[in-house]
Amino acid sequence: MERAPNEIEALIAQIARLPGLGPRSARRLVLHLIQRRDQSLRPLLAALDRVAQSAQTCSACGNISTLPVCEICTAPKRATGEICVVEDVADLWAMERGGVFVGRYHVLGGTLSALDAVGPEELRIPELVARVQAEGAREVILALAATVDGQTTAHYIADALAGLDVQVTALAQGVPMGGELDYLDDGTIGAALRARKAV
Ligand SMILES: [Zn+2]
């Protein structure tokens, strides 16, 4: 294959490192953008710049949006008294795509891991306990992976909330062993949510 000029080659290499892309699709994408400079490349550049300026972590739930407190946390109709605990933002977005959960979220930012020395303070678990008290939540729904670390984290959270007047539940079977929420299809998430059970 003939080599593109250096700067274009460097761009292709950079895009090829993005998740879900490889050298072939990166090359095709870059060529597409260059050939449609005004319709594709410049609008994409502007959109990337806007997001680079404004993307931030929600101070309440840990979601990523363009506001200090995200749209989910500020929508009055999402104040259902239910808080769904997820490992990361990708899981939150997967739940939202499913459109089956109408409460609010809490992003942990990982799971407890003895191996990687991840403790409760690094996971926004103290913030969860504080939120449950401050918001008077009725139910905390754990949507964590069916891995050892995911289940260790679930039990730790259930213990941390044990003294409070809140029900702790977990998504039912449907989260595949070692599977991450992001890979579940929308129907599966809905079924796992409806059939959730007490921890
Ligand atoms: Zn939020």
# chains A, B, ... in the order shown; residues from 1 in each chain; ligands from 1
>>> residues_near_ligand(ligand="ligand 1", cutoff="10 Å", atoms="only C-alpha atoms and all ligand atoms", output="list in words")
Thr57, Cys58, Ser59, Ala60, Cys61, Gly62, Asn63, Ile64, Ser65, Leu67, Pro68, Val69, Cys70, Glu71, Ile72, Cys73, Thr74, Ala75, Arg104, Tyr105, His106 and Val107 of chain A
>>> select_by_dssp(residues="chain A", states="helix (DSSP H, G or I)", output="PyMOL selection string")
chain A and resi 6-16+23-35+37-54+71-74+76-78+89-98+120-123+125-135+148-160+181-183+186-194
>>> write_last_selection(atoms="C-alpha atoms", output="compact mmCIF listing (two decimals), in the first residue's frame")
# COMPACT_ATOMS: atom_id res chain seq x y z
CA ASN A 6 3.68 12.13 7.13
CA GLU A 7 1.11 14.29 8.91
CA ILE A 8 -1.77 12.30 7.50
CA GLU A 9 0.01 9.08 8.42
CA ALA A 10 0.45 10.40 11.98
CA LEU A 11 -3.29 11.19 12.18
CA ILE A 12 -4.17 7.69 10.92
CA ALA A 13 -1.87 6.17 13.56
CA GLN A 14 -3.54 8.27 16.28
CA ILE A 15 -7.06 7.33 15.22
CA ALA A 16 -6.11 3.66 14.88
CA PRO A 23 -5.39 0.73 11.06
CA ARG A 24 -7.70 -0.14 8.15
CA SER A 25 -10.80 1.62 9.43
CA ALA A 26 -8.66 4.57 10.60
CA ARG A 27 -7.23 4.96 7.11
CA ARG A 28 -10.72 4.83 5.56
CA LEU A 29 -12.08 7.33 8.10
CA VAL A 30 -9.25 9.83 7.58
CA LEU A 31 -9.56 9.66 3.82
CA HIS A 32 -13.32 10.21 4.12
CA LEU A 33 -12.77 13.27 6.33
CA ILE A 34 -10.17 14.80 4.01
CA GLN A 35 -12.32 14.29 0.94
CA ARG A 37 -13.38 18.72 4.47
CA ASP A 38 -16.36 21.09 4.80
CA GLN A 39 -19.21 18.61 5.35
CA SER A 40 -17.36 16.27 7.74
CA LEU A 41 -13.90 17.28 8.88
CA ARG A 42 -14.53 20.88 9.99
CA PRO A 43 -17.85 20.16 11.81
CA LEU A 44 -16.17 17.21 13.57
CA LEU A 45 -13.26 19.43 14.58
CA ALA A 46 -15.68 22.01 16.02
CA ALA A 47 -17.68 19.34 17.87
CA LEU A 48 -14.51 17.82 19.36
CA ASP A 49 -13.35 21.24 20.48
CA ARG A 50 -16.71 22.04 22.14
CA VAL A 51 -16.66 18.74 24.02
CA ALA A 52 -13.00 19.21 24.97
CA GLN A 53 -13.96 22.57 26.51
CA SER A 54 -17.15 21.52 28.26
CA GLU A 71 -29.22 16.41 33.20
CA ILE A 72 -30.27 13.18 34.95
CA CYS A 73 -29.48 14.57 38.41
CA THR A 74 -31.31 17.86 37.76
CA PRO A 76 -37.22 16.42 38.81
CA LYS A 77 -38.94 13.35 37.32
CA ARG A 78 -35.77 11.29 37.95
CA VAL A 89 -19.89 5.84 32.86
CA ALA A 90 -20.09 3.35 29.96
CA ASP A 91 -22.46 1.24 32.09
CA LEU A 92 -24.58 4.29 32.92
CA TRP A 93 -24.88 5.14 29.23
CA ALA A 94 -25.77 1.50 28.46
CA MET A 95 -28.59 1.65 31.03
CA GLU A 96 -29.81 4.94 29.55
CA ARG A 97 -29.83 3.47 26.04
CA GLY A 98 -32.08 0.73 27.39
CA PRO A 120 -13.66 2.05 49.13
CA GLU A 121 -12.37 5.65 49.27
CA GLU A 122 -11.25 5.47 45.64
CA LEU A 123 -14.70 4.27 44.56
CA ILE A 125 -18.68 4.63 48.19
CA PRO A 126 -18.62 7.21 51.05
CA GLU A 127 -20.34 9.64 48.62
CA LEU A 128 -23.01 7.00 47.94
CA VAL A 129 -23.74 6.56 51.64
CA ALA A 130 -23.94 10.35 52.06
CA ARG A 131 -26.30 10.64 49.08
CA VAL A 132 -28.63 7.91 50.32
CA GLN A 133 -28.99 9.83 53.59
CA ALA A 134 -29.24 13.30 52.04
CA GLU A 135 -31.73 12.27 49.33
CA VAL A 148 -15.42 -11.71 41.90
CA ASP A 149 -14.49 -8.03 42.23
CA GLY A 150 -18.00 -6.93 41.22
CA GLN A 151 -19.63 -9.19 43.80
CA THR A 152 -17.11 -8.22 46.53
CA THR A 153 -18.01 -4.59 45.83
CA ALA A 154 -21.75 -5.38 45.96
CA HIS A 155 -21.40 -6.97 49.39
CA TYR A 156 -19.24 -4.15 50.68
CA ILE A 157 -21.87 -1.59 49.59
CA ALA A 158 -24.71 -3.63 51.11
CA ASP A 159 -22.79 -3.67 54.42
CA ALA A 160 -22.06 0.07 54.22
CA LEU A 181 -23.19 -4.13 31.44
CA ASP A 182 -22.16 -2.20 28.36
CA TYR A 183 -22.28 -5.37 26.27
CA ASP A 186 -31.38 -3.20 25.90
CA GLY A 187 -33.96 -5.97 26.40
CA THR A 188 -31.62 -7.94 28.64
CA ILE A 189 -30.97 -4.92 30.84
CA GLY A 190 -34.71 -4.33 31.19
CA ALA A 191 -35.38 -7.95 32.15
CA ALA A 192 -32.50 -7.98 34.65
CA LEU A 193 -33.78 -4.75 36.19
CA ARG A 194 -37.41 -5.90 36.50
>>> select_by_dssp(residues="chain A", states="strand (DSSP E)", output="number ranges by chain")
A: 56-57, 64-65, 82-86, 104-107, 139-143, 167-170, 197-198
>>> atom_distance(atom1="CA of Val166 in chain A", atom2="CA of Ala143 in chain A")
16.2 Å
>>> residues_around(residues="Ala198 in chain A", least_positions_apart="2", cutoff="7 Å", atoms="only C-alpha atoms", output="count of residues only")
3
>>> residues_around(residues="Gly103 in chain A", least_positions_apart="3", cutoff="7 Å", atoms="only C-alpha atoms", output="number ranges by chain")
A: 78-83
>>> atom_distance(atom1="CA of Phe101 in chain A", atom2="CA of Leu164 in chain A")
22.9 Å
>>> atom_distance(atom1="CA of Ser113 in chain A", atom2="CA of Ala172 in chain A")
22.6 Å
